[in-house]
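Everything below belongs to protein-v8.pdb, which stores PDB, C-alpha atoms.
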ATOM      1  CA  MET I   1      31.340  63.204   0.921
ATOM      2  CA  LEU I   2      34.581  61.273   1.141
ATOM      3  CA  PRO I   3      37.493  63.755   1.094
ATOM      4  CA  GLY I   4      39.016  64.037  -2.377
ATOM      5  CA  SER I   5      36.918  61.227  -3.883
ATOM      6  CA  GLY I   6      33.795  62.999  -5.060
ATOM      7  CA  ILE I   7      31.775  60.063  -3.674
ATOM      8  CA  ARG I   8      28.705  60.907  -1.634
ATOM      9  CA  VAL I   9      27.992  58.522   1.203
ATOM     10  CA  LEU I  10      24.378  57.808   2.163
ATOM     11  CA  ARG I  11      24.024  57.636   5.916
ATOM     12  CA  VAL I  12      21.404  55.237   7.242
ATOM     13  CA  SER I  13      20.117  55.599  10.741
ATOM     14  CA  SER I  14      20.870  52.664  13.017
ATOM     15  CA  SER I  15      17.207  52.405  14.041
ATOM     16  CA  TRP I  16      16.065  51.904  10.410
ATOM     17  CA  ALA I  17      18.834  49.428   9.645
ATOM     18  CA  ALA I  18      17.980  47.411  12.718
ATOM     19  CA  CYS I  19      14.439  46.734  11.487
ATOM     20  CA  ARG I  20      15.547  45.614   8.014
ATOM     21  CA  SER I  21      16.494  42.045   8.851
ATOM     22  CA  ILE I  22      16.891  39.520   6.054
ATOM     23  CA  ALA I  23      14.148  36.912   5.939
ATOM     24  CA  THR I  24      15.347  33.336   5.806
ATOM     25  CA  SER I  25      13.632  29.973   5.880
ATOM     26  CA  SER I  26      14.833  26.708   7.262
ATOM     27  CA  ARG I  27      16.389  24.239   4.868
ATOM     28  CA  ARG I  28      14.252  21.229   4.130
ATOM     29  CA  SER I  29      15.355  18.350   1.955
ATOM     30  CA  SER I  30      13.135  15.845   0.195
ATOM     31  CA  ASP I  31      13.997  12.873  -2.000
ATOM     32  CA  ALA I  32      10.395  11.888  -2.623
ATOM     33  CA  LEU I  33      10.483  12.762  -6.327
ATOM     34  CA  PHE I  34      14.076  12.194  -7.356
ATOM     35  CA  GLN I  35      15.469   9.190  -5.495
ATOM     36  CA  HIS I  36      14.151   5.648  -5.508
ATOM     37  CA  ARG I  37      14.191   3.419  -2.472
ATOM     38  CA  ASP I  38      13.056  -0.192  -2.842
ATOM     39  CA  THR I  39       9.865  -0.978  -0.951
ATOM     40  CA  PRO I  40       7.660  -4.084  -0.838
ATOM     41  CA  TYR I  41       5.291  -2.465  -3.347
ATOM     42  CA  ASN I  42       7.884  -0.731  -5.551
ATOM     43  CA  ASN I  43      11.016  -2.642  -6.471
ATOM     44  CA  PRO I  44      12.553  -4.044  -9.677
ATOM     45  CA  LYS I  45      11.568  -7.605  -8.808
ATOM     46  CA  ILE I  46       7.878  -6.841  -9.316
ATOM     47  CA  PRO I  47       7.119  -7.797 -12.944
ATOM     48  CA  PHE I  48       5.497  -5.438 -15.393
ATOM     49  CA  SER I  49       4.725  -5.819 -19.072
ATOM     50  CA  PHE I  50       2.129  -4.475 -21.465
ATOM     51  CA  THR I  51      -1.121  -6.297 -22.030
ATOM     52  CA  PRO I  52      -1.505  -7.552 -25.637
ATOM     53  CA  GLU I  53      -3.733  -4.570 -26.397
ATOM     54  CA  ASN I  54      -1.275  -2.046 -24.966
ATOM     55  CA  ALA I  55       1.669  -3.810 -26.622
ATOM     56  CA  LYS I  56      -0.024  -3.258 -29.970
ATOM     57  CA  ARG I  57      -0.676   0.368 -29.068
ATOM     58  CA  ALA I  58       2.973   0.806 -28.025
ATOM     59  CA  GLU I  59       4.160  -0.522 -31.395
ATOM     60  CA  GLU I  60       1.906   1.992 -33.110
ATOM     61  CA  ILE I  61       3.268   4.860 -30.984
ATOM     62  CA  ILE I  62       6.876   3.878 -31.685
ATOM     63  CA  SER I  63       6.124   3.716 -35.431
ATOM     64  CA  TYR I  64       5.382   7.444 -35.418
ATOM     65  CA  TYR I  65       9.086   8.170 -34.980
ATOM     66  CA  PRO I  66      12.108   7.385 -37.177
ATOM     67  CA  PRO I  67      13.916   4.264 -35.885
ATOM     68  CA  GLN I  68      16.937   6.284 -34.771
ATOM     69  CA  TYR I  69      14.677   8.608 -32.761
ATOM     70  CA  LYS I  70      12.298   6.127 -31.150
ATOM     71  CA  LYS I  71      13.476   7.368 -27.768
ATOM     72  CA  ALA I  72      11.105  10.302 -28.398
ATOM     73  CA  ALA I  73       8.268   7.896 -27.564
ATOM     74  CA  VAL I  74       9.299   7.753 -23.911
ATOM     75  CA  ILE I  75       6.592  10.150 -22.665
ATOM     76  CA  PRO I  76       3.589   8.547 -24.419
ATOM     77  CA  LEU I  77       4.840   5.081 -23.438
ATOM     78  CA  LEU I  78       5.224   6.117 -19.805
ATOM     79  CA  ASP I  79       1.693   7.499 -19.921
ATOM     80  CA  LEU I  80       0.376   4.267 -21.430
ATOM     81  CA  SER I  81       2.243   2.244 -18.793
ATOM     82  CA  GLN I  82       0.983   4.395 -15.934
ATOM     83  CA  ARG I  83      -2.618   3.960 -17.054
ATOM     84  CA  GLN I  84      -2.169   0.188 -17.063
ATOM     85  CA  ASN I  85      -0.401   0.281 -13.683
ATOM     86  CA  LYS I  86      -3.384   1.763 -11.822
ATOM     87  CA  GLY I  87      -2.289   5.365 -12.241
ATOM     88  CA  TRP I  88       1.306   5.371 -11.045
ATOM     89  CA  THR I  89       4.797   4.859 -12.457
ATOM     90  CA  SER I  90       6.794   2.266 -10.546
ATOM     91  CA  ILE I  91      10.464   1.416 -10.998
ATOM     92  CA  SER I  92       9.401  -1.712 -12.899
ATOM     93  CA  VAL I  93       7.361   0.424 -15.289
ATOM     94  CA  MET I  94      10.333   2.686 -15.982
ATOM     95  CA  ASN I  95      12.698  -0.247 -16.498
ATOM     96  CA  TYR I  96      10.239  -1.883 -18.886
ATOM     97  CA  VAL I  97       9.919   1.272 -21.004
ATOM     98  CA  ALA I  98      13.716   1.655 -21.051
ATOM     99  CA  LYS I  99      14.134  -1.918 -22.301
ATOM    100  CA  LEU I 100      11.405  -1.471 -24.910
ATOM    101  CA  LEU I 101      13.066   1.668 -26.309
ATOM    102  CA  GLU I 102      16.611   0.315 -25.896
ATOM    103  CA  LEU I 103      17.556   3.178 -23.593
ATOM    104  CA  PRO I 104      19.698   3.323 -20.467
ATOM    105  CA  PRO I 105      17.196   3.216 -17.572
ATOM    106  CA  MET I 106      18.541   6.559 -16.310
ATOM    107  CA  ARG I 107      17.173   8.282 -19.429
ATOM    108  CA  VAL I 108      13.681   7.134 -18.505
ATOM    109  CA  TYR I 109      14.144   7.984 -14.823
ATOM    110  CA  GLU I 110      15.075  11.535 -15.845
ATOM    111  CA  VAL I 111      11.779  11.978 -17.676
ATOM    112  CA  ALA I 112       9.604  10.318 -15.035
ATOM    113  CA  THR I 113      11.052  12.430 -12.237
ATOM    114  CA  PHE I 114      10.851  15.703 -14.201
ATOM    115  CA  TYR I 115       7.188  15.682 -15.245
ATOM    116  CA  THR I 116       4.685  15.851 -12.416
ATOM    117  CA  MET I 117       2.044  14.003 -14.432
ATOM    118  CA  PHE I 118       3.937  10.794 -13.673
ATOM    119  CA  ASN I 119       2.963   9.668 -10.185
ATOM    120  CA  ARG I 120       5.810   8.018  -8.330
ATOM    121  CA  GLU I 121       3.597   6.613  -5.591
ATOM    122  CA  PRO I 122       0.323   4.620  -5.745
ATOM    123  CA  ILE I 123      -2.845   6.692  -5.962
ATOM    124  CA  GLY I 124      -6.506   6.128  -5.181
ATOM    125  CA  ASP I 125      -9.151   5.016  -7.652
ATOM    126  CA  ASN I 126     -10.098   8.654  -8.245
ATOM    127  CA  PHE I 127      -7.186  11.047  -8.667
ATOM    128  CA  VAL I 128      -8.433  14.529  -7.738
ATOM    129  CA  GLN I 129      -6.281  17.480  -8.801
ATOM    130  CA  VAL I 130      -7.440  20.864  -7.538
ATOM    131  CA  CYS I 131      -6.083  23.892  -9.384
ATOM    132  CA  THR I 132      -5.038  26.786  -7.135
ATOM    133  CA  THR I 133      -3.191  29.026  -9.600
ATOM    134  CA  THR I 134      -4.022  32.753  -9.664
ATOM    135  CA  PRO I 135      -7.225  32.763 -11.825
ATOM    136  CA  CYS I 136      -8.706  29.890  -9.811
ATOM    137  CA  MET I 137      -7.520  31.414  -6.541
ATOM    138  CA  LEU I 138      -9.288  34.679  -7.373
ATOM    139  CA  ARG I 139     -12.454  32.697  -8.021
ATOM    140  CA  GLY I 140     -12.371  30.771  -4.750
ATOM    141  CA  SER I 141     -10.141  27.730  -5.294
ATOM    142  CA  THR I 142      -8.902  27.866  -1.693
ATOM    143  CA  GLU I 143     -12.433  27.165  -0.491
ATOM    144  CA  ILE I 144     -12.796  24.396  -3.083
ATOM    145  CA  LEU I 145      -9.569  22.736  -1.953
ATOM    146  CA  ASP I 146     -10.610  22.998   1.689
ATOM    147  CA  THR I 147     -13.992  21.508   0.793
ATOM    148  CA  VAL I 148     -12.401  18.528  -0.974
ATOM    149  CA  VAL I 149      -9.976  17.839   1.879
ATOM    150  CA  SER I 150     -12.582  18.127   4.639
ATOM    151  CA  HIS I 151     -15.328  16.268   2.772
ATOM    152  CA  LEU I 152     -13.003  13.290   2.241
ATOM    153  CA  ASN I 153     -11.803  13.410   5.868
ATOM    154  CA  LEU I 154      -8.204  14.149   4.921
ATOM    155  CA  LYS I 155      -5.750  16.336   6.816
ATOM    156  CA  LYS I 156      -4.079  17.986   3.830
ATOM    157  CA  PRO I 157      -3.566  17.652   0.066
ATOM    158  CA  GLY I 158      -1.270  14.836  -1.002
ATOM    159  CA  GLU I 159      -3.086  12.172   0.991
ATOM    160  CA  THR I 160      -5.186   9.157   0.010
ATOM    161  CA  THR I 161      -8.421   8.228   1.744
ATOM    162  CA  LYS I 162      -8.364   5.143   3.965
ATOM    163  CA  ASP I 163     -10.683   3.256   1.614
ATOM    164  CA  GLY I 164      -8.342   3.942  -1.316
ATOM    165  CA  LYS I 165     -11.034   5.651  -3.370
ATOM    166  CA  PHE I 166      -9.490   9.145  -3.549
ATOM    167  CA  THR I 167      -6.100  10.789  -3.747
ATOM    168  CA  VAL I 168      -6.124  14.594  -3.594
ATOM    169  CA  ILE I 169      -3.344  16.932  -4.686
ATOM    170  CA  GLU I 170      -2.990  20.654  -5.299
ATOM    171  CA  VAL I 171      -1.773  21.512  -8.814
ATOM    172  CA  GLU I 172      -0.843  24.451 -10.995
ATOM    173  CA  CYS I 173      -2.795  25.699 -14.022
ATOM    174  CA  GLN I 174      -4.901  23.110 -15.844
ATOM    175  CA  GLY I 175      -5.789  25.480 -18.684
ATOM    176  CA  ALA I 176      -9.447  26.128 -17.831
ATOM    177  CA  CYS I 177      -9.014  29.622 -16.398
ATOM    178  CA  SER I 178     -12.200  31.008 -17.935
ATOM    179  CA  ASN I 179     -14.179  28.396 -16.030
ATOM    180  CA  ALA I 180     -12.456  28.796 -12.671
ATOM    181  CA  PRO I 181     -12.496  27.390 -10.083
ATOM    182  CA  MET I 182     -12.027  23.850 -11.311
ATOM    183  CA  LEU I 183     -10.615  20.443 -10.538
ATOM    184  CA  VAL I 184      -9.648  17.378 -12.536
ATOM    185  CA  VAL I 185     -10.642  13.799 -11.759
ATOM    186  CA  GLY I 186      -8.799  11.339 -13.956
ATOM    187  CA  ASP I 187      -8.959  12.899 -17.418
ATOM    188  CA  ASP I 188     -12.142  14.922 -16.880
ATOM    189  CA  PHE I 189     -12.477  18.610 -16.002
ATOM    190  CA  TYR I 190     -15.123  19.839 -13.559
ATOM    191  CA  GLU I 191     -15.505  23.597 -13.770
ATOM    192  CA  ASP I 192     -17.427  26.585 -12.367
ATOM    193  CA  LEU I 193     -17.355  24.904  -8.972
ATOM    194  CA  THR I 194     -18.967  25.853  -5.694
ATOM    195  CA  PRO I 195     -18.508  23.992  -2.396
ATOM    196  CA  ALA I 196     -21.938  22.415  -2.894
ATOM    197  CA  SER I 197     -21.267  21.197  -6.451
ATOM    198  CA  THR I 198     -17.838  19.961  -5.389
ATOM    199  CA  LYS I 199     -19.343  17.769  -2.666
ATOM    200  CA  LYS I 200     -21.921  16.456  -5.137
ATOM    201  CA  ILE I 201     -19.175  15.445  -7.568
ATOM    202  CA  LEU I 202     -17.170  13.674  -4.863
ATOM    203  CA  ASP I 203     -20.249  11.849  -3.581
ATOM    204  CA  SER I 204     -21.007  10.574  -7.089
ATOM    205  CA  PHE I 205     -17.503   9.177  -7.494
ATOM    206  CA  ALA I 206     -17.678   7.616  -4.029
ATOM    207  CA  LYS I 207     -20.780   5.705  -5.191
ATOM    208  CA  GLY I 208     -18.979   4.445  -8.277
ATOM    209  CA  GLN I 209     -20.791   6.849 -10.570
ATOM    210  CA  LYS I 210     -19.294   9.318 -13.023
ATOM    211  CA  PRO I 211     -20.826  12.811 -12.946
ATOM    212  CA  LYS I 212     -21.048  14.786 -16.152
ATOM    213  CA  PRO I 213     -17.778  16.673 -16.772
ATOM    214  CA  GLY I 214     -17.555  20.319 -17.774
ATOM    215  CA  PRO I 215     -19.123  23.448 -16.256
ATOM    216  CA  GLN I 216     -21.321  22.756 -13.241
ATOM    217  CA  SER I 217     -23.091  26.122 -13.460
ATOM    218  CA  GLY I 218     -25.312  25.466 -16.467
ATOM    219  CA  ARG I 219     -22.910  26.912 -19.007
ATOM    220  CA  HIS I 220     -22.235  24.810 -22.092
ATOM    221  CA  THR I 221     -18.577  25.776 -22.500
ATOM    222  CA  SER I 222     -16.946  29.123 -21.712
ATOM    223  CA  GLU I 223     -19.655  31.513 -22.855
ATOM    224  CA  ASN I 224     -20.340  34.645 -20.835
ATOM    225  CA  SER I 225     -22.212  33.582 -17.714
ATOM    226  CA  ALA I 226     -24.124  36.882 -17.809
ATOM    227  CA  GLY I 227     -25.457  36.189 -21.303
ATOM    228  CA  LEU I 228     -24.605  37.760 -24.632
ATOM    229  CA  THR I 229     -23.356  41.341 -24.498
ATOM    230  CA  ALA I 230     -22.369  41.592 -28.159
ATOM    231  CA  LEU I 231     -23.557  40.203 -31.503
ATOM    232  CA  THR I 232     -27.089  40.135 -30.165
ATOM    233  CA  SER I 233     -28.831  41.072 -33.423
ATOM    234  CA  LYS I 234     -29.596  38.679 -36.282
ATOM    235  CA  PRO I 235     -26.532  38.266 -38.493
ATOM    236  CA  TYR I 236     -27.050  39.376 -42.038
ATOM    237  CA  GLY I 237     -26.844  36.752 -44.742
ATOM    238  CA  PRO I 238     -25.000  36.554 -48.055
ATOM    239  CA  GLY I 239     -25.805  39.356 -50.439
ATOM    240  CA  GLU I 240     -27.266  41.794 -47.943
ATOM    241  CA  PHE I 241     -25.984  45.371 -48.155
ATOM    242  CA  CYS I 242     -24.452  44.589 -51.579
ATOM    243  CA  GLN I 243     -25.262  46.427 -54.770
ATOM    244  CA  GLU I 244     -28.145  44.967 -56.699
ATOM    245  CA  GLU I 245     -25.952  43.553 -59.470
ATOM    246  CA  PHE I 246     -23.962  41.497 -56.952
ATOM    247  CA  ARG I 247     -26.922  40.002 -55.094
TER     248      ARG I 247
END

Show this structure as structure tokens.
Amino acid sequence: MLPGSGIRVLRVSSSWAACRSIATSSRRSSDALFQHRDTPYNNPKIPFSFTPENAKRAEEIISYYPPQYKKAAVIPLLDLSQRQNKGWTSISVMNYVAKLLELPPMRVYEVATFYTMFNREPIGDNFVQVCTTTPCMLRGSTEILDTVVSHLNLKKPGETTKDGKFTVIEVECQGACSNAPMLVVGDDFYEDLTPASTKKILDSFAKGQKPKPGPQSGRHTSENSAGLTALTSKPYGPGEFCQEEFR
């Protein structure tokens, strides 16, 4: 107690205080996502424009918005451009979309660098995204990720195979938690995975084939894998259990 203050002071032993060090981590900087540096494969001099088919599709997308708000089409147009540009968004792609929407290029750069679905570097023919968020982790996603990396002879996620067929990354929730663990290849979900089924899927893509998407365990969608536990009896039809005059 401090004299005359009414304040009680908590005394902490020096031995306890000595073991309560503050954890810190080293500072690491990265400009991979936010800053552009011209390279032989990614610079403004490389031309990009929509194919006639995609140009027509872009006009349709822009028509969904009032003329004064056509800038709202930036995300679907970036997606359309990325699909045409072999799965990645180059500086030429962003500049083209900015010109099409009559926007300052910076407004498009802001969107492309914020959303992780826009790939800022070239990717392989098959873009493999392995979910490792909590539900998938609890169901064995770490083993699935390790299986993908080792089976494709990669060192870690974020790399592309030497033959250019696969790029593998680790991602957050893909929205298929009830079918965990899962991964995405292109636009297709592959769910209820095991190391064996994961290798089978990768081998099919390596051969140029496309395995059937969805659950790999025999389930049709997200039904209980143990079978029905409720609503097992025949549902009654119209009129049953009603008074005679209402049948």

**Result set, the PyMOL selection byres ((chain I and resi 77) around 12) on current file, as number ranges by chain** = I: 49-50, 54-62, 70-76, 78-84, 89, 93-101, 108, 111-112, 118

**Request:** Quick one: apply the PyMOL selection byres ((chain I and resi 147) around 12) to the file and drop the selected residues here as a PyMOL selection string.
**Result:** chain I and resi 130+140-146+148-157+168+183+193-202

**Prompt:** What does the distance between CA of Thr161 (chain I) and CA of Asp203 (chain I) come to in Å, to one decimal place?
**Reply:** 13.5 Å

**Message:** What does the structure give for the distance between CA of Met137 (chain I) and CA of Glu170 (chain I), in Å to one decimal?
**Reply:**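 One can read the CA of Met137 (chain I) to CA of Glu170 (chain I) distance as 11.7 Å.
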
**Prompt:** For Gly164 (chain I), which of I:Val184, I:Ala206, I:Cys242, I:Leu231 is the closest residue, counting only C-alpha atoms?
**Reply:**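 Answer, going by the shortest atom-to-atom distance: I:Ala206.
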
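Selection result for the displayed file, with the PyMOL selection byres ((chain I and resi 166) around 7) as criterion, is Gly124, Asp125, Asn126, Phe127, Val128, Thr160, Thr161, Gly164, Lys165, Thr167 and Val168 of chain I.
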
Mind writing the picked residues with C-alpha atoms as an mmCIF file, in the frame of the given file?
data_model
loop_
_atom_site.group_PDB
_atom_site.id
_atom_site.type_symbol
_atom_site.label_atom_id
_atom_site.label_comp_id
_atom_site.auth_asym_id
_atom_site.auth_seq_id
_atom_site.Cartn_x
_atom_site.Cartn_y
_atom_site.Cartn_z
ATOM 1 C CA GLY I 124 -6.506 6.128 -5.181
ATOM 2 C CA ASP I 125 -9.151 5.016 -7.652
ATOM 3 C CA ASN I 126 -10.098 8.654 -8.245
ATOM 4 C CA PHE I 127 -7.186 11.047 -8.667
ATOM 5 C CA VAL I 128 -8.433 14.529 -7.738
ATOM 6 C CA THR I 160 -5.186 9.157 0.010
ATOM 7 C CA THR I 161 -8.421 8.228 1.744
ATOM 8 C CA GLY I 164 -8.342 3.942 -1.316
ATOM 9 C CA LYS I 165 -11.034 5.651 -3.370
ATOM 10 C CA THR I 167 -6.100 10.789 -3.747
ATOM 11 C CA VAL I 168 -6.124 14.594 -3.594
#

**Message:** Using only C-alpha atoms for the distances, tell me which of I:Ser90, I:Thr134, I:Ser222, I:Thr232 is nearest to Asn43 (chain I).
**Reply:** I:Ser90

**Request:** Find, counting all atoms listed in the file, the residue in I:Gln209, I:Gln68, I:Gln216, I:Arg139 that gets nearest to Leu103 (chain I).
**Result:**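 Closest residue, counting all atoms listed in the file: I:Gln68.
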
**Prompt:** With all atoms listed in the file as the atoms that count, which of I:Ile169, I:Cys177, I:Ile91, I:Ile46 lies nearest to Tyr109 (chain I)?
**Reply:**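 Under the stated criterion, the closest residue is I:Ile91.
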
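Of note, CA of Gly87 (chain I) and CA of Pro104 (chain I) are spaced 23.6 Å apart.
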
**Item:** Nearest-residue call for Val171 (chain I), choices I:Pro66, I:Gln129, I:Lys210, I:Arg219, using all atoms listed in the file
**Value:**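 Smallest distance to Val171 (chain I) is found for I:Gln129.
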
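Of the residues listed (I:Gly186, I:Pro40, I:Gly227, I:Pro238), I:Gly186 shows the shortest atom-to-atom separation from Pro213 (chain I); distances use all atoms listed in the file.
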
Output file: region 109-142 of chain I, N, CA and C atoms, as a PDB file, in the first residue's frame:
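As a result, result14.pdb now contains:
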ATOM      1  N   TYR I 109      -5.619  -1.333 -60.503  1.00  0.00           N
ATOM      2  CA  TYR I 109      -4.539  -1.958 -59.736  1.00  0.00           C
ATOM      3  C   TYR I 109      -4.986  -2.227 -58.301  1.00  0.00           C
ATOM      4  N   GLU I 110      -5.746  -1.287 -57.733  1.00  0.00           N
ATOM      5  CA  GLU I 110      -6.201  -1.447 -56.345  1.00  0.00           C
ATOM      6  C   GLU I 110      -7.043  -2.698 -56.178  1.00  0.00           C
ATOM      7  N   VAL I 111      -7.899  -2.961 -57.152  1.00  0.00           N
ATOM      8  CA  VAL I 111      -8.766  -4.146 -57.084  1.00  0.00           C
ATOM      9  C   VAL I 111      -7.948  -5.425 -57.294  1.00  0.00           C
ATOM     10  N   ALA I 112      -7.096  -5.409 -58.308  1.00  0.00           N
ATOM     11  CA  ALA I 112      -6.337  -6.616 -58.652  1.00  0.00           C
ATOM     12  C   ALA I 112      -5.356  -7.024 -57.562  1.00  0.00           C
ATOM     13  N   THR I 113      -4.864  -6.058 -56.808  1.00  0.00           N
ATOM     14  CA  THR I 113      -3.922  -6.390 -55.736  1.00  0.00           C
ATOM     15  C   THR I 113      -4.619  -6.697 -54.416  1.00  0.00           C
ATOM     16  N   PHE I 114      -5.912  -6.390 -54.319  1.00  0.00           N
ATOM     17  CA  PHE I 114      -6.649  -6.642 -53.071  1.00  0.00           C
ATOM     18  C   PHE I 114      -7.211  -8.061 -53.043  1.00  0.00           C
ATOM     19  N   TYR I 115      -7.776  -8.512 -54.143  1.00  0.00           N
ATOM     20  CA  TYR I 115      -8.437  -9.818 -54.180  1.00  0.00           C
ATOM     21  C   TYR I 115      -7.452 -10.909 -54.611  1.00  0.00           C
ATOM     22  N   THR I 116      -7.344 -11.920 -53.786  1.00  0.00           N
ATOM     23  CA  THR I 116      -6.370 -12.981 -54.052  1.00  0.00           C
ATOM     24  C   THR I 116      -6.765 -13.875 -55.216  1.00  0.00           C
ATOM     25  N   MET I 117      -7.996 -13.763 -55.702  1.00  0.00           N
ATOM     26  CA  MET I 117      -8.380 -14.596 -56.846  1.00  0.00           C
ATOM     27  C   MET I 117      -7.731 -14.108 -58.138  1.00  0.00           C
ATOM     28  N   PHE I 118      -7.147 -12.914 -58.111  1.00  0.00           N
ATOM     29  CA  PHE I 118      -6.429 -12.429 -59.287  1.00  0.00           C
ATOM     30  C   PHE I 118      -4.947 -12.758 -59.122  1.00  0.00           C
ATOM     31  N   ASN I 119      -4.454 -13.619 -59.978  1.00  0.00           N
ATOM     32  CA  ASN I 119      -3.073 -14.091 -59.890  1.00  0.00           C
ATOM     33  C   ASN I 119      -2.149 -13.102 -60.586  1.00  0.00           C
ATOM     34  N   ARG I 120      -1.172 -12.613 -59.863  1.00  0.00           N
ATOM     35  CA  ARG I 120      -0.278 -11.603 -60.400  1.00  0.00           C
ATOM     36  C   ARG I 120       0.943 -12.206 -61.096  1.00  0.00           C
ATOM     37  N   GLU I 121       1.074 -13.492 -61.052  1.00  0.00           N
ATOM     38  CA  GLU I 121       2.170 -14.183 -61.715  1.00  0.00           C
ATOM     39  C   GLU I 121       1.595 -15.327 -62.552  1.00  0.00           C
ATOM     40  N   PRO I 122       2.297 -15.751 -63.609  1.00  0.00           N
ATOM     41  CA  PRO I 122       1.810 -16.874 -64.425  1.00  0.00           C
ATOM     42  C   PRO I 122       1.625 -18.130 -63.588  1.00  0.00           C
ATOM     43  N   ILE I 123       0.659 -18.934 -63.966  1.00  0.00           N
ATOM     44  CA  ILE I 123       0.377 -20.186 -63.261  1.00  0.00           C
ATOM     45  C   ILE I 123       0.431 -21.346 -64.238  1.00  0.00           C
ATOM     46  N   GLY I 124       0.428 -22.558 -63.699  1.00  0.00           N
ATOM     47  CA  GLY I 124       0.446 -23.756 -64.519  1.00  0.00           C
ATOM     48  C   GLY I 124      -0.900 -24.016 -65.169  1.00  0.00           C
ATOM     49  N   ASP I 125      -0.938 -25.037 -66.014  1.00  0.00           N
ATOM     50  CA  ASP I 125      -2.181 -25.384 -66.707  1.00  0.00           C
ATOM     51  C   ASP I 125      -3.285 -25.752 -65.728  1.00  0.00           C
ATOM     52  N   ASN I 126      -2.912 -26.378 -64.623  1.00  0.00           N
ATOM     53  CA  ASN I 126      -3.876 -26.779 -63.597  1.00  0.00           C
ATOM     54  C   ASN I 126      -3.546 -26.034 -62.305  1.00  0.00           C
ATOM     55  N   PHE I 127      -4.451 -25.183 -61.896  1.00  0.00           N
ATOM     56  CA  PHE I 127      -4.240 -24.347 -60.711  1.00  0.00           C
ATOM     57  C   PHE I 127      -4.885 -25.037 -59.512  1.00  0.00           C
ATOM     58  N   VAL I 128      -4.051 -25.603 -58.647  1.00  0.00           N
ATOM     59  CA  VAL I 128      -4.528 -26.409 -57.517  1.00  0.00           C
ATOM     60  C   VAL I 128      -4.506 -25.562 -56.246  1.00  0.00           C
ATOM     61  N   GLN I 129      -5.678 -25.397 -55.646  1.00  0.00           N
ATOM     62  CA  GLN I 129      -5.806 -24.623 -54.411  1.00  0.00           C
ATOM     63  C   GLN I 129      -6.276 -25.561 -53.295  1.00  0.00           C
ATOM     64  N   VAL I 130      -5.431 -25.754 -52.321  1.00  0.00           N
ATOM     65  CA  VAL I 130      -5.737 -26.676 -51.221  1.00  0.00           C
ATOM     66  C   VAL I 130      -6.199 -25.869 -50.018  1.00  0.00           C
ATOM     67  N   CYS I 131      -7.407 -26.149 -49.554  1.00  0.00           N
ATOM     68  CA  CYS I 131      -7.947 -25.442 -48.390  1.00  0.00           C
ATOM     69  C   CYS I 131      -7.365 -26.029 -47.106  1.00  0.00           C
ATOM     70  N   THR I 132      -6.891 -25.134 -46.224  1.00  0.00           N
ATOM     71  CA  THR I 132      -6.337 -25.589 -44.939  1.00  0.00           C
ATOM     72  C   THR I 132      -6.950 -24.832 -43.765  1.00  0.00           C
ATOM     73  N   THR I 133      -8.145 -24.255 -43.965  1.00  0.00           N
ATOM     74  CA  THR I 133      -8.820 -23.581 -42.864  1.00  0.00           C
ATOM     75  C   THR I 133      -9.318 -24.620 -41.861  1.00  0.00           C
ATOM     76  N   THR I 134      -9.756 -24.163 -40.689  1.00  0.00           N
ATOM     77  CA  THR I 134     -10.015 -25.027 -39.537  1.00  0.00           C
ATOM     78  C   THR I 134     -10.820 -26.295 -39.842  1.00  0.00           C
ATOM     79  N   PRO I 135     -12.024 -26.224 -40.474  1.00  0.00           N
ATOM     80  CA  PRO I 135     -12.759 -27.470 -40.730  1.00  0.00           C
ATOM     81  C   PRO I 135     -11.959 -28.474 -41.559  1.00  0.00           C
ATOM     82  N   CYS I 136     -11.271 -27.988 -42.594  1.00  0.00           N
ATOM     83  CA  CYS I 136     -10.458 -28.894 -43.410  1.00  0.00           C
ATOM     84  C   CYS I 136      -9.254 -29.402 -42.632  1.00  0.00           C
ATOM     85  N   MET I 137      -8.661 -28.524 -41.819  1.00  0.00           N
ATOM     86  CA  MET I 137      -7.507 -28.937 -41.020  1.00  0.00           C
ATOM     87  C   MET I 137      -7.883 -30.067 -40.065  1.00  0.00           C
ATOM     88  N   LEU I 138      -9.061 -29.947 -39.445  1.00  0.00           N
ATOM     89  CA  LEU I 138      -9.513 -30.975 -38.512  1.00  0.00           C
ATOM     90  C   LEU I 138      -9.790 -32.302 -39.222  1.00  0.00           C
ATOM     91  N   ARG I 139     -10.027 -32.226 -40.512  1.00  0.00           N
ATOM     92  CA  ARG I 139     -10.317 -33.432 -41.284  1.00  0.00           C
ATOM     93  C   ARG I 139      -9.106 -33.931 -42.080  1.00  0.00           C
ATOM     94  N   GLY I 140      -7.939 -33.341 -41.837  1.00  0.00           N
ATOM     95  CA  GLY I 140      -6.729 -33.891 -42.436  1.00  0.00           C
ATOM     96  C   GLY I 140      -6.173 -33.143 -43.619  1.00  0.00           C
ATOM     97  N   SER I 141      -6.454 -31.830 -43.736  1.00  0.00           N
ATOM     98  CA  SER I 141      -5.972 -31.083 -44.898  1.00  0.00           C
ATOM     99  C   SER I 141      -4.451 -30.957 -44.929  1.00  0.00           C
ATOM    100  N   THR I 142      -3.811 -30.994 -43.762  1.00  0.00           N
ATOM    101  CA  THR I 142      -2.344 -30.914 -43.748  1.00  0.00           C
ATOM    102  C   THR I 142      -1.743 -32.078 -44.509  1.00  0.00           C
TER     103      THR I 142
END
